[in-house]
>>> print(open('model-v7.txt').read())   # compact mmCIF, C-alpha atoms and all ligand atoms
# COMPACT_ATOMS: atom_id res chain seq x y z
CA MET U 1 190.74 -30.68 146.11
CA ARG U 2 193.13 -28.76 148.30
CA GLY U 3 196.71 -27.48 148.15
CA PRO U 4 198.91 -25.68 145.61
CA GLU U 5 199.31 -28.66 143.28
CA ALA U 6 195.57 -29.26 143.19
CA ALA U 7 195.02 -25.54 142.57
CA GLU U 8 197.43 -25.60 139.63
CA LEU U 9 195.55 -28.57 138.20
CA PHE U 10 192.22 -26.80 138.74
CA TYR U 11 193.41 -23.82 136.67
CA ASP U 12 194.61 -26.04 133.81
CA GLU U 13 192.26 -24.95 131.05
CA SER U 14 192.95 -28.03 128.95
CA ARG U 15 191.30 -30.13 131.68
CA PHE U 16 188.70 -27.84 133.28
CA LYS U 17 186.11 -25.40 132.06
CA ARG U 18 183.78 -23.04 133.90
CA ARG U 19 180.81 -23.09 131.55
CA GLY U 20 177.96 -25.01 133.15
CA ALA U 21 179.97 -25.71 136.32
CA MET U 22 178.30 -23.41 138.83
CA PRO U 23 174.96 -24.61 140.26
CA GLU U 24 171.92 -22.57 139.20
CA PRO U 25 171.10 -21.26 142.71
CA VAL U 26 174.54 -19.60 142.87
CA ARG U 27 174.19 -18.09 139.39
CA ALA U 28 170.68 -16.84 140.23
CA THR U 29 171.95 -14.98 143.30
CA LEU U 30 175.65 -14.40 143.91
CA LEU U 31 177.06 -14.35 140.37
CA GLY U 32 174.29 -13.69 137.85
CA LYS U 33 173.93 -15.45 134.52
CA GLY U 34 176.06 -14.71 131.45
CA GLY U 35 178.90 -12.99 133.33
CA VAL U 36 182.67 -13.47 133.12
CA GLN U 37 182.70 -16.26 135.72
CA GLY U 38 181.06 -18.75 133.34
CA LEU U 39 183.15 -17.97 130.25
CA ASP U 40 186.10 -19.96 128.91
CA ASP U 41 189.04 -19.47 126.56
CA GLU U 42 189.05 -16.43 124.24
CA ALA U 43 185.60 -15.17 125.29
CA HIS U 44 186.79 -15.18 128.89
CA ARG U 45 190.05 -13.40 128.16
CA LEU U 46 188.32 -10.64 126.24
CA ARG U 47 185.73 -10.05 128.98
CA LYS U 48 188.42 -10.29 131.67
CA ALA U 49 190.48 -7.60 129.96
CA MET U 50 187.51 -5.28 130.50
CA PHE U 51 187.75 -5.79 134.29
CA MET U 52 191.53 -5.56 134.36
CA SER U 53 191.34 -2.19 132.56
CA LEU U 54 189.54 -0.78 135.63
CA MET U 55 192.33 -1.68 138.04
CA SER U 56 195.10 0.84 137.36
CA ASP U 57 196.93 2.11 140.46
CA GLU U 58 195.38 5.57 140.01
CA ARG U 59 191.84 4.21 139.79
CA VAL U 60 192.29 1.94 142.81
CA GLU U 61 193.76 4.82 144.80
CA LYS U 62 190.83 7.02 143.82
CA LEU U 63 188.36 4.45 145.16
CA ALA U 64 190.35 4.08 148.39
CA ARG U 65 190.23 7.84 148.94
CA LEU U 66 186.50 7.95 148.25
CA VAL U 67 185.91 5.16 150.76
CA GLU U 68 188.02 6.92 153.37
CA ARG U 69 186.18 10.20 152.85
CA GLU U 70 182.73 8.58 153.03
CA TRP U 71 183.76 6.59 156.10
CA LEU U 72 185.05 9.61 158.01
CA LYS U 73 181.87 11.52 157.14
CA ALA U 74 179.76 8.65 158.44
CA ILE U 75 181.80 8.31 161.61
CA SER U 76 181.29 11.97 162.45
CA SER U 77 177.57 11.43 162.39
CA TRP U 78 177.76 8.12 164.31
CA ALA U 79 179.95 9.64 167.00
CA SER U 80 177.52 12.47 167.57
CA GLU U 81 174.68 9.98 167.89
CA GLU U 82 176.84 7.57 169.94
CA GLU U 83 176.25 4.80 167.48
CA VAL U 84 178.60 1.91 166.77
CA MET U 85 180.40 0.58 163.74
CA ARG U 86 178.97 -2.70 162.56
CA TYR U 87 179.25 -4.98 159.53
CA HIS U 88 176.02 -3.58 158.09
CA ALA U 89 177.03 0.02 158.85
CA ILE U 90 180.11 -0.20 156.61
CA GLN U 91 178.16 -1.43 153.61
CA PRO U 92 176.34 1.82 152.69
CA ILE U 93 179.72 3.59 152.90
CA LEU U 94 181.28 1.16 150.43
CA MET U 95 178.19 1.28 148.21
CA ARG U 96 178.17 5.11 148.07
CA ALA U 97 181.88 5.21 147.31
CA VAL U 98 181.90 2.48 144.65
CA CYS U 99 178.85 3.92 142.87
CA LYS U 100 180.54 7.32 142.76
CA TRP U 101 183.74 5.71 141.53
CA ALA U 102 181.94 3.62 138.91
CA ALA U 103 179.79 6.65 137.85
CA VAL U 104 176.62 4.72 138.65
CA PRO U 105 173.95 7.24 139.73
CA LEU U 106 172.67 6.49 143.24
CA SER U 107 170.26 8.98 144.76
CA SER U 108 170.04 9.21 148.54
CA ALA U 109 166.39 8.16 148.24
CA GLU U 110 167.31 4.79 146.72
CA GLU U 111 170.56 4.19 148.57
CA VAL U 112 169.12 2.04 151.37
CA LYS U 113 167.14 -0.19 149.02
CA ARG U 114 169.95 -0.65 146.48
CA THR U 115 172.53 -1.38 149.17
CA ARG U 116 170.23 -3.93 150.82
CA ASP U 117 169.81 -5.70 147.48
CA VAL U 118 173.52 -5.75 146.68
CA VAL U 119 174.33 -7.07 150.16
CA ALA U 120 171.70 -9.82 149.81
CA LEU U 121 173.57 -11.13 146.74
CA PHE U 122 176.56 -12.22 148.80
CA ASP U 123 175.11 -12.36 152.29
CA GLN U 124 172.00 -14.41 151.52
CA ALA U 125 173.15 -16.41 148.48
CA ALA U 126 173.85 -19.51 150.56
CA ALA U 127 170.79 -19.09 152.78
CA LEU U 128 167.97 -21.56 152.50
CA GLY U 129 164.27 -20.82 152.07
CA LEU U 130 163.22 -17.22 152.47
CA GLY U 131 166.79 -15.86 152.58
CA HIS U 132 167.59 -17.48 149.24
CA LEU U 133 164.35 -16.20 147.73
CA LYS U 134 165.25 -12.68 148.89
CA ALA U 135 168.64 -13.00 147.18
CA ARG U 136 166.97 -14.09 143.91
CA ILE U 137 164.59 -11.12 144.05
CA ALA U 138 167.48 -8.79 144.91
CA ARG U 139 169.40 -10.04 141.86
CA ARG U 140 166.44 -9.46 139.53
CA ARG U 141 165.84 -5.97 140.93
CA SER U 142 169.53 -5.01 140.81
CA GLU U 143 169.95 -6.24 137.22
CA ARG U 144 166.83 -4.32 136.12
CA TRP U 145 168.17 -1.17 137.75
CA LEU U 146 171.62 -1.44 136.17
CA ALA U 147 170.36 -2.58 132.75
CA ALA U 148 168.35 0.68 132.64
CA VAL U 149 171.48 2.64 133.65
CA ILE U 150 173.43 0.93 130.83
CA GLU U 151 170.72 1.82 128.31
CA GLU U 152 170.61 5.43 129.46
CA THR U 153 174.38 5.59 129.10
CA ARG U 154 174.23 4.25 125.56
CA THR U 155 171.56 6.76 124.58
CA GLY U 156 173.59 9.59 126.11
CA ARG U 157 171.19 10.46 128.94
CA ILE U 158 173.94 9.54 131.41
CA CYS U 159 177.45 10.70 130.51
CA PRO U 160 180.02 8.92 132.68
CA ALA U 161 183.75 9.68 132.53
CA ASN U 162 185.54 7.46 129.98
CA GLU U 163 187.61 5.61 132.57
CA SER U 164 184.63 4.82 134.84
CA ALA U 165 183.31 1.27 135.20
CA LEU U 166 179.93 2.37 133.83
CA ALA U 167 181.45 3.79 130.62
CA VAL U 168 183.79 0.82 130.17
CA VAL U 169 181.08 -1.82 130.65
CA ALA U 170 178.45 0.05 128.61
CA GLY U 171 180.93 0.41 125.73
CA HIS U 172 182.48 -3.06 125.89
CA ARG U 173 182.16 -5.20 122.74
CA ASP U 174 182.43 -8.98 122.61
CA ALA U 175 184.44 -10.95 120.04
CA SER U 176 181.76 -10.45 117.37
CA GLY U 177 182.01 -6.67 117.83
CA GLU U 178 178.58 -6.40 119.48
CA LEU U 179 177.82 -4.42 122.63
CA LEU U 180 176.85 -6.64 125.55
CA PRO U 181 173.08 -7.08 125.95
CA PRO U 182 171.99 -4.64 128.72
CA ARG U 183 171.19 -7.46 131.16
CA ILE U 184 174.65 -9.04 130.75
CA ALA U 185 176.27 -5.61 131.06
CA ALA U 186 174.25 -5.19 134.27
CA VAL U 187 175.63 -8.52 135.55
CA GLU U 188 179.16 -7.25 134.88
CA LEU U 189 178.53 -3.90 136.53
CA LEU U 190 177.22 -5.78 139.54
CA ASN U 191 180.47 -7.79 139.39
CA VAL U 192 182.15 -4.51 140.36
CA LEU U 193 179.63 -3.13 142.89
CA ARG U 194 178.77 -6.37 144.75
CA PRO U 195 182.28 -7.58 145.63
CA THR U 196 183.41 -4.07 146.57
CA VAL U 197 180.58 -3.90 149.12
CA ALA U 198 181.55 -7.44 150.18
CA VAL U 199 184.95 -6.14 151.27
CA SER U 200 182.93 -5.23 154.41
CA VAL U 201 183.50 -8.86 155.46
CA TYR U 202 187.27 -8.45 155.31
CA ILE U 203 187.00 -5.07 157.06
CA VAL U 204 185.24 -6.80 159.95
CA PHE U 205 188.07 -9.34 160.01
CA VAL U 206 190.69 -6.56 160.03
CA ALA U 207 188.96 -5.12 163.12
CA HIS U 208 188.66 -8.59 164.63
CA ALA U 209 192.36 -9.35 164.07
CA LEU U 210 193.45 -5.99 165.53
CA HIS U 211 191.47 -6.84 168.66
CA ARG U 212 192.33 -10.51 168.93
CA PHE U 213 196.01 -10.33 168.05
CA PRO U 214 197.17 -7.01 169.55
CA GLU U 215 200.79 -8.18 169.51
CA ASN U 216 200.60 -8.18 165.70
CA VAL U 217 199.21 -4.68 165.21
CA PRO U 218 201.52 -3.12 162.62
CA GLU U 219 203.68 -0.19 163.71
CA SER U 220 202.52 1.78 160.72
CA ALA U 221 199.32 1.58 158.73
CA ASN U 222 201.36 2.06 155.55
CA GLY U 223 204.20 0.19 154.00
CA ASP U 224 205.19 -3.44 154.11
CA CYS U 225 204.01 -4.28 157.62
CA ALA U 226 200.49 -3.09 156.80
CA VAL U 227 200.48 -5.18 153.63
CA ARG U 228 201.64 -8.22 155.59
CA PHE U 229 198.89 -7.71 158.16
CA VAL U 230 196.07 -7.53 155.60
CA GLN U 231 197.51 -10.46 153.64
CA GLU U 232 197.49 -12.54 156.81
CA VAL U 233 193.87 -11.51 157.43
CA ARG U 234 193.02 -12.77 153.93
CA ARG U 235 194.87 -16.03 154.60
CA PHE U 236 193.69 -16.69 158.14
CA TYR U 237 189.98 -15.86 158.01
CA PRO U 238 187.51 -17.89 155.96
CA PHE U 239 185.59 -16.01 153.28
CA PHE U 240 184.96 -17.42 149.81
CA PRO U 241 185.09 -21.14 150.62
CA ALA U 242 185.48 -23.02 147.35
CA LEU U 243 185.48 -22.77 143.57
CA ILE U 244 183.82 -25.11 141.15
CA ALA U 245 184.79 -26.21 137.63
CA ARG U 246 183.87 -29.08 135.32
CA THR U 247 186.27 -31.52 133.65
CA ARG U 248 186.51 -31.12 129.85
CA ARG U 249 187.73 -34.68 129.38
CA ALA U 250 188.49 -37.81 131.37
CA PHE U 251 191.96 -38.03 132.94
CA ARG U 252 193.81 -39.48 135.94
CA TRP U 253 195.74 -37.39 138.44
CA LYS U 254 197.69 -38.83 141.38
CA GLY U 255 195.81 -42.10 141.02
CA VAL U 256 192.38 -40.44 141.04
CA ALA U 257 190.09 -40.87 138.04
CA PHE U 258 188.37 -37.67 136.88
CA PRO U 259 185.54 -38.64 134.51
CA LYS U 260 184.54 -36.22 131.74
CA GLY U 261 181.93 -33.67 132.84
CA ARG U 262 182.59 -34.13 136.58
CA GLN U 263 182.19 -31.08 138.83
CA VAL U 264 185.26 -30.49 140.98
CA LEU U 265 185.60 -28.22 143.99
CA LEU U 266 188.79 -26.37 144.93
CA ASP U 267 189.00 -25.64 148.67
CA LEU U 268 190.35 -22.07 148.90
CA HIS U 269 190.48 -21.61 152.65
CA GLY U 270 191.83 -25.14 153.12
CA THR U 271 194.62 -24.37 150.64
CA ASN U 272 195.52 -21.19 152.56
CA CYS U 273 195.44 -23.01 155.89
CA SER U 274 197.35 -26.24 155.37
CA GLU U 275 200.79 -27.39 154.19
CA PRO U 276 203.09 -26.02 152.87
CA TRP U 277 202.14 -23.10 155.16
CA SER U 278 203.92 -23.58 158.47
CA ASP U 279 201.78 -23.34 161.64
CA PRO U 280 198.82 -22.30 159.48
CA GLU U 281 196.47 -22.04 162.46
CA GLU U 282 198.57 -19.19 163.90
CA PHE U 283 198.01 -15.55 162.93
CA ARG U 284 201.51 -14.44 161.93
CA PRO U 285 201.72 -11.55 159.44
CA GLU U 286 205.52 -11.85 159.32
CA ARG U 287 205.15 -15.13 157.44
CA PHE U 288 204.64 -12.93 154.37
CA ILE U 289 208.19 -11.53 154.66
CA ASP U 290 209.56 -14.58 152.91
CA ALA U 291 206.43 -16.36 151.66
CA PRO U 292 207.11 -17.72 148.17
CA ARG U 293 205.41 -15.78 145.38
CA ASP U 294 203.41 -18.78 144.26
CA LEU U 295 200.34 -18.27 142.08
CA PHE U 296 198.60 -21.33 143.55
CA MET U 297 199.57 -21.38 147.24
CA PHE U 298 197.89 -18.22 148.56
CA ILE U 299 194.46 -18.17 146.93
CA PRO U 300 191.84 -16.33 149.02
CA GLN U 301 190.54 -14.77 145.80
CA GLY U 302 191.45 -17.56 143.41
CA GLY U 303 194.80 -18.53 141.87
CA GLY U 304 196.73 -18.35 138.64
CA ASP U 305 197.20 -15.28 136.48
CA HIS U 306 194.80 -12.33 136.69
CA HIS U 307 194.61 -11.83 132.93
CA ARG U 308 194.58 -15.41 131.74
CA HIS U 309 192.76 -17.25 134.51
CA HIS U 310 189.64 -16.59 136.54
CA ARG U 311 191.64 -15.18 139.45
CA CYS U 312 189.80 -12.23 141.05
CA PRO U 313 190.60 -8.96 139.24
CA GLY U 314 189.53 -7.05 142.37
CA GLU U 315 192.50 -8.03 144.55
CA PRO U 316 194.14 -4.58 144.33
CA ILE U 317 190.85 -2.95 145.40
CA THR U 318 190.39 -5.46 148.22
CA LEU U 319 193.90 -4.83 149.58
CA ALA U 320 193.55 -1.07 149.24
CA LEU U 321 190.22 -0.96 151.10
CA MET U 322 191.50 -3.26 153.84
CA LYS U 323 194.42 -0.88 154.27
CA VAL U 324 192.03 2.05 154.54
CA ALA U 325 190.27 0.16 157.34
CA LEU U 326 193.57 -0.62 159.03
CA ARG U 327 194.66 3.00 158.87
CA LEU U 328 191.35 4.35 160.20
CA LEU U 329 191.18 1.79 162.99
CA THR U 330 194.78 2.29 164.08
CA SER U 331 195.25 6.02 163.64
CA ARG U 332 192.03 7.96 163.04
CA ILE U 333 189.41 6.40 165.32
CA ALA U 334 189.58 6.05 169.10
CA TYR U 335 187.24 3.18 169.90
CA HIS U 336 186.62 0.41 172.36
CA VAL U 337 185.27 -3.07 171.86
CA PRO U 338 182.29 -3.82 174.10
CA PRO U 339 181.89 -7.40 175.41
CA GLN U 340 180.47 -9.58 172.63
CA ASN U 341 180.73 -13.07 171.16
CA LEU U 342 183.77 -12.90 168.88
CA ARG U 343 183.81 -16.58 167.90
CA ILE U 344 183.75 -16.99 164.11
CA ASP U 345 180.44 -18.45 162.97
CA ARG U 346 181.48 -20.87 160.21
CA THR U 347 177.92 -22.05 159.70
CA ARG U 348 177.02 -18.83 157.90
CA LEU U 349 178.30 -17.75 154.48
CA PRO U 350 180.21 -15.53 154.51
CA ALA U 351 181.58 -16.52 157.92
CA LEU U 352 181.57 -13.67 160.44
CA PRO U 353 182.10 -13.20 164.18
CA MET U 354 178.93 -14.32 166.02
CA SER U 355 178.35 -10.71 167.13
CA GLN U 356 179.20 -9.46 163.62
CA PHE U 357 181.80 -7.42 165.53
CA HIS U 358 180.82 -3.99 166.68
CA VAL U 359 182.95 -1.27 168.20
CA SER U 360 181.90 1.82 170.09
CA ILE U 361 183.51 4.92 168.66
CA ASP U 362 184.84 7.33 171.28
CA ARG U 363 186.10 10.09 168.99
CA LEU U 364 187.86 10.87 165.76
CA LEU U 365 191.58 11.57 166.04
CA PRO U 366 193.24 14.34 164.02
CA ASP U 367 194.95 13.19 160.85
CA GLY U 368 198.58 12.73 161.80
CA ALA U 369 201.71 11.70 160.08
CA ASN U 370 200.06 9.54 157.50
CA ASP U 371 199.21 12.19 154.93
CA ASP U 372 201.54 10.70 152.40
CA ALA U 373 199.76 7.37 152.69
CA THR U 374 199.57 5.35 149.55
CA TRP U 375 196.99 2.59 149.20
CA GLN U 376 198.79 0.30 146.86
CA SER U 377 200.36 -2.92 148.00
C1 LIG H 1 185.57 -9.04 149.05
C2 LIG H 1 186.70 -9.51 148.69
C3 LIG H 1 186.74 -10.44 147.52
C4 LIG H 1 186.80 -11.79 147.53
C5 LIG H 1 186.87 -12.69 148.75
C6 LIG H 1 186.80 -12.23 146.16
C7 LIG H 1 186.90 -13.54 145.78
C8 LIG H 1 186.87 -13.95 144.47
C9 LIG H 1 187.01 -15.31 144.05
C10 LIG H 1 187.27 -16.50 144.96
C11 LIG H 1 186.89 -15.33 142.71
C12 LIG H 1 186.89 -16.56 141.81
C13 LIG H 1 188.22 -16.89 141.20
C14 LIG H 1 188.10 -18.04 140.23
O1 LIG H 1 187.01 -18.36 139.79
O2 LIG H 1 189.13 -18.65 139.91
C15 LIG H 1 186.65 -13.99 142.28
C16 LIG H 1 186.42 -13.63 140.97
C17 LIG H 1 186.03 -12.37 140.60
N1 LIG H 1 186.04 -11.24 141.38
FE1 LIG H 1 186.50 -11.15 143.32
N2 LIG H 1 186.71 -11.13 145.35
C18 LIG H 1 186.69 -10.01 146.12
C19 LIG H 1 186.66 -8.70 145.69
C20 LIG H 1 186.45 -8.32 144.39
C21 LIG H 1 186.37 -6.96 143.94
C22 LIG H 1 186.62 -5.74 144.82
C23 LIG H 1 186.04 -7.01 142.60
C24 LIG H 1 185.85 -5.90 141.60
C25 LIG H 1 185.75 -4.63 141.90
C26 LIG H 1 185.92 -8.40 142.24
C27 LIG H 1 185.54 -8.86 141.00
C28 LIG H 1 185.61 -10.18 140.62
C29 LIG H 1 185.30 -10.66 139.27
C30 LIG H 1 184.79 -9.82 138.11
C31 LIG H 1 185.57 -12.03 139.27
C32 LIG H 1 185.45 -13.01 138.10
C33 LIG H 1 186.80 -13.17 137.42
C34 LIG H 1 186.82 -14.22 136.33
O3 LIG H 1 185.93 -15.06 136.29
O4 LIG H 1 187.75 -14.17 135.52
N3 LIG H 1 186.18 -9.15 143.35
N4 LIG H 1 186.66 -13.15 143.37
>>> encode(input="model-v7.txt", output="structure tokens")
Amino acid sequence: MRGPEAAELFYDESRFKRRGAMPEPVRATLLGKGGVQGLDDEAHRLRKAMFMSLMSDERVEKLARLVEREWLKAISSWASEEEVMRYHAIQPILMRAVCKWAAVPLSSAEEVKRTRDVVALFDQAAALGLGHLKARIARRRSERWLAAVIEETRTGRICPANESALAVVAGHRDASGELLPPRIAAVELLNVLRPTVAVSVYIVFVAHALHRFPENVPESANGDCAVRFVQEVRRFYPFFPALIARTRRAFRWKGVAFPKGRQVLLDLHGTNCSEPWSDPEEFRPERFIDAPRDLFMFIPQGGGDHHRHHRCPGEPITLALMKVALRLLTSRIAYHVPPQNLRIDRTRLPALPMSQFHVSIDRLLPDGANDDATWQS
């Protein structure tokens, strides 16, 4: 299904449920088993509230500042070694920052291994054969690691700050008043770490759009024009392709029969790139000046209401980190783009430029007039 009306139908909880909808290979890699994505009704709302409690403006801003700091530190070392910024080079930066933010201990000795595993969850989930097997192993290893961290938190060997993701998830109780089993808590903690590292995909697309559509580079990396630019990146570039739910009962909609128990796919990118969007194939950030505030029309990270529906709770983090990338790439880093194949490879998931987009960093620029930057949309 595609389009705002279909999206609204898809989020109608009287007709669709999530339990048992997602195929096992996706749950065994990308999502994990027993997490918020497969819950419905009251159980879902309670678990979702846990994620939403992590997304205050202050907390999101704190993560954005951590990412910026880690990124600038990394660039200094790349520049001295004349290295380049690539998709895979951004991921350890995001991993270091989000672990610090979430209060998840990550020693420098284990950083490479843990980051590789977390990346495999979203970068290899749709691979076939060996790639898929690697993602399954990465999921098992990551859950074991984080389940141990949860247990150590509950026994007091790790003492995270109250507002941190680790403390919130370790202390969360379900409707029966029980703490989450450590493995499920690990799945939920990974639901914070994994997608934050996956913002690397959108960061690559920010860099790609700056290069490919220079006439649209915002005048300032803050304020409304920056927000419009990153929103258009989220609309224009393909990322999370489709969602899946299962019908609770039989019904007809627009002449189509939906039998009970049928799996139904909602095409996210198709919804962002077809009517009622005008000239959807054009990259035009200014379309967001007067785009209607419709909960089902612009759905790169799902639709509906953040608290009530399954819509991604991490949208504020995603926007904030994309704006960090925009700011660094437009005002803190002097770089050039060597010749490379910039065509988007839609055969891989997530889609990326064929070259995975790399830039050569010439030098860091002094921090200028953007000191009062704020990362919120
Ligand atoms: C990389 C950019 C991101 C993309 C493309 C993305 C995309 C999505 C999509 C499509 C959904 C499913 C919505 C639905 O089922 O209706 C989702 C759900 C979710 N996302 Fe994100 N997301 C991103 C970043 C984040 C971040 C940064 C976090 C947390 C720090 C996050 C946490 C979650 C969680 C916990 C869910 C499940 C929500 C639920 O089932 O109620 N995501 N995301």
>>> atom_distance(input="model-v7.txt", atom1="CA of Arg248 in chain U", atom2="CA of Met297 in chain U")
23.8 Å
>>> residues_around(input="model-v7.txt", residues="range 313-316 of chain U", least_positions_apart="5", cutoff="12 Å", atoms="all atoms listed in the file", output="NGL selection string")
:U and (36-37 or 45 or 47-61 or 63-64 or 191-199 or 202 or 227 or 230-231 or 234 or 299-308 or 321-323 or 375-377)
>>> closest_residue(input="model-v7.txt", among="U:Ile75, U:Ala102, U:Val118, U:Ala175", to="ligand LIG 1 (chain H)", atoms="all atoms listed in the file")
U:Ala102
>>> atom_distance(input="model-v7.txt", atom1="CA of Thr29 in chain U", atom2="atom O1 of ligand LIG 1 (chain H)")
15.8 Å
>>> residues_around(input="model-v7.txt", residues="range 208-224 of chain U", least_positions_apart="3", cutoff="9 Å", atoms="only C-alpha atoms", output="PyMOL selection string")
chain U and resi 203-205+227-229+233+283-286+289+323-324+326-331+337+342+353+357+370+373-377
>>> closest_residue(input="model-v7.txt", among="U:Pro259, U:Gly177, U:Gly34, U:Pro366", to="ligand LIG 1 (chain H)", atoms="all atoms listed in the file")
U:Gly34
>>> axis_aligned_box(input="model-v7.txt", around="ligand LIG 1 (chain H)", padding_each_side="6 Å", output="JSON")
{"center_x": 187.0, "center_y": -11.6, "center_z": 142.3, "size_x": 16.3, "size_y": 26.0, "size_z": 25.5}
>>> atom_distance(input="model-v7.txt", atom1="CA of Arg154 in chain U", atom2="CA of Gly171 in chain U")
7.7 Å
>>> closest_residue(input="model-v7.txt", among="U:Ala21, U:Cys273, U:Cys99, U:Ala74", to="Pro160 in chain U", atoms="only C-alpha atoms")
U:Cys99
>>> residues_around(input="model-v7.txt", residues="Asp117 in chain U", least_positions_apart="3", cutoff="8 Å", atoms="all atoms listed in the file", output="ChimeraX atom specification")
/U:113-114,120-121,135,138-139,141-142
>>> residues_around(input="model-v7.txt", residues="Lys254 in chain U", least_positions_apart="4", cutoff="12 Å", atoms="all atoms listed in the file", output="PyMOL selection string")
chain U and resi 1+5-6+9+258
>>> residues_around(input="model-v7.txt", residues="Ala89 in chain U", least_positions_apart="6", cutoff="12 Å", atoms="all atoms listed in the file", output="list of chain:residue names")
U:Glu70, U:Trp71, U:Ala74, U:Ile75, U:Ser77, U:Trp78, U:Glu83, U:Met95, U:Arg96, U:Val112, U:Thr115, U:Arg116, U:Val119, U:Val197, U:Ser200, U:Val201, U:Ile203, U:Val204, U:Gln356, U:Phe357, U:His358, U:Val359
>>> closest_residue(input="model-v7.txt", among="U:Ala207, U:Ala127, U:Leu319, U:Ala185", to="ligand LIG 1 (chain H)", atoms="only C-alpha atoms and all ligand atoms")
U:Leu319
>>> closest_residue(input="model-v7.txt", among="U:Arg235, U:Arg343, U:His336, U:Arg262", to="ligand LIG 1 (chain H)", atoms="all atoms listed in the file")
U:Arg235
>>> closest_residue(input="model-v7.txt", among="U:Gly38, U:Pro339, U:Gly156, U:Pro4", to="ligand LIG 1 (chain H)", atoms="all atoms listed in the file")
U:Gly38
>>> residues_near_point(input="model-v7.txt", point="(198.6, -20.8, 160.1)", cutoff="12 Å", atoms="all atoms listed in the file", output="PDB file with C-alpha atoms, in the coordinates of the input")
ATOM      1  CA  GLU U 232     197.490 -12.540 156.810  1.00  0.00           C
ATOM      2  CA  VAL U 233     193.870 -11.510 157.430  1.00  0.00           C
ATOM      3  CA  ARG U 234     193.020 -12.770 153.930  1.00  0.00           C
ATOM      4  CA  ARG U 235     194.870 -16.030 154.600  1.00  0.00           C
ATOM      5  CA  PHE U 236     193.690 -16.690 158.140  1.00  0.00           C
ATOM      6  CA  TYR U 237     189.980 -15.860 158.010  1.00  0.00           C
ATOM      7  CA  HIS U 269     190.480 -21.610 152.650  1.00  0.00           C
ATOM      8  CA  GLY U 270     191.830 -25.140 153.120  1.00  0.00           C
ATOM      9  CA  THR U 271     194.620 -24.370 150.640  1.00  0.00           C
ATOM     10  CA  ASN U 272     195.520 -21.190 152.560  1.00  0.00           C
ATOM     11  CA  CYS U 273     195.440 -23.010 155.890  1.00  0.00           C
ATOM     12  CA  SER U 274     197.350 -26.240 155.370  1.00  0.00           C
ATOM     13  CA  GLU U 275     200.790 -27.390 154.190  1.00  0.00           C
ATOM     14  CA  PRO U 276     203.090 -26.020 152.870  1.00  0.00           C
ATOM     15  CA  TRP U 277     202.140 -23.100 155.160  1.00  0.00           C
ATOM     16  CA  SER U 278     203.920 -23.580 158.470  1.00  0.00           C
ATOM     17  CA  ASP U 279     201.780 -23.340 161.640  1.00  0.00           C
ATOM     18  CA  PRO U 280     198.820 -22.300 159.480  1.00  0.00           C
ATOM     19  CA  GLU U 281     196.470 -22.040 162.460  1.00  0.00           C
ATOM     20  CA  GLU U 282     198.570 -19.190 163.900  1.00  0.00           C
ATOM     21  CA  PHE U 283     198.010 -15.550 162.930  1.00  0.00           C
ATOM     22  CA  ARG U 284     201.510 -14.440 161.930  1.00  0.00           C
ATOM     23  CA  PRO U 285     201.720 -11.550 159.440  1.00  0.00           C
ATOM     24  CA  GLU U 286     205.520 -11.850 159.320  1.00  0.00           C
ATOM     25  CA  ARG U 287     205.150 -15.130 157.440  1.00  0.00           C
ATOM     26  CA  PHE U 288     204.640 -12.930 154.370  1.00  0.00           C
ATOM     27  CA  PHE U 298     197.890 -18.220 148.560  1.00  0.00           C
TER      28      PHE U 298
END
>>> build_atoms(input="model-v7.txt", residues="range 114-122 of chain U", atoms="N, CA and C atoms", output="mmCIF file, in the coordinates of the input")
data_model
loop_
_atom_site.group_PDB
_atom_site.id
_atom_site.type_symbol
_atom_site.label_atom_id
_atom_site.label_comp_id
_atom_site.auth_asym_id
_atom_site.auth_seq_id
_atom_site.Cartn_x
_atom_site.Cartn_y
_atom_site.Cartn_z
ATOM 1 N N ARG U 114 168.952 -0.065 147.390
ATOM 2 C CA ARG U 114 169.950 -0.650 146.480
ATOM 3 C C ARG U 114 171.053 -1.356 147.264
ATOM 4 N N THR U 115 171.467 -0.748 148.373
ATOM 5 C CA THR U 115 172.530 -1.380 149.170
ATOM 6 C C THR U 115 172.017 -2.694 149.736
ATOM 7 N N ARG U 116 170.783 -2.695 150.247
ATOM 8 C CA ARG U 116 170.230 -3.930 150.820
ATOM 9 C C ARG U 116 170.221 -5.038 149.775
ATOM 10 N N ASP U 117 169.846 -4.693 148.549
ATOM 11 C CA ASP U 117 169.810 -5.700 147.480
ATOM 12 C C ASP U 117 171.213 -6.236 147.167
ATOM 13 N N VAL U 118 172.166 -5.317 147.027
ATOM 14 C CA VAL U 118 173.520 -5.750 146.680
ATOM 15 C C VAL U 118 174.111 -6.629 147.800
ATOM 16 N N VAL U 119 173.836 -6.267 149.040
ATOM 17 C CA VAL U 119 174.330 -7.070 150.160
ATOM 18 C C VAL U 119 173.691 -8.463 150.142
ATOM 19 N N ALA U 120 172.391 -8.516 149.824
ATOM 20 C CA ALA U 120 171.700 -9.820 149.810
ATOM 21 C C ALA U 120 172.368 -10.786 148.833
ATOM 22 N N LEU U 121 172.967 -10.257 147.761
ATOM 23 C CA LEU U 121 173.570 -11.130 146.740
ATOM 24 C C LEU U 121 174.697 -11.977 147.308
ATOM 25 N N PHE U 122 175.473 -11.412 148.232
ATOM 26 C CA PHE U 122 176.560 -12.220 148.800
ATOM 27 C C PHE U 122 176.261 -12.702 150.207
#
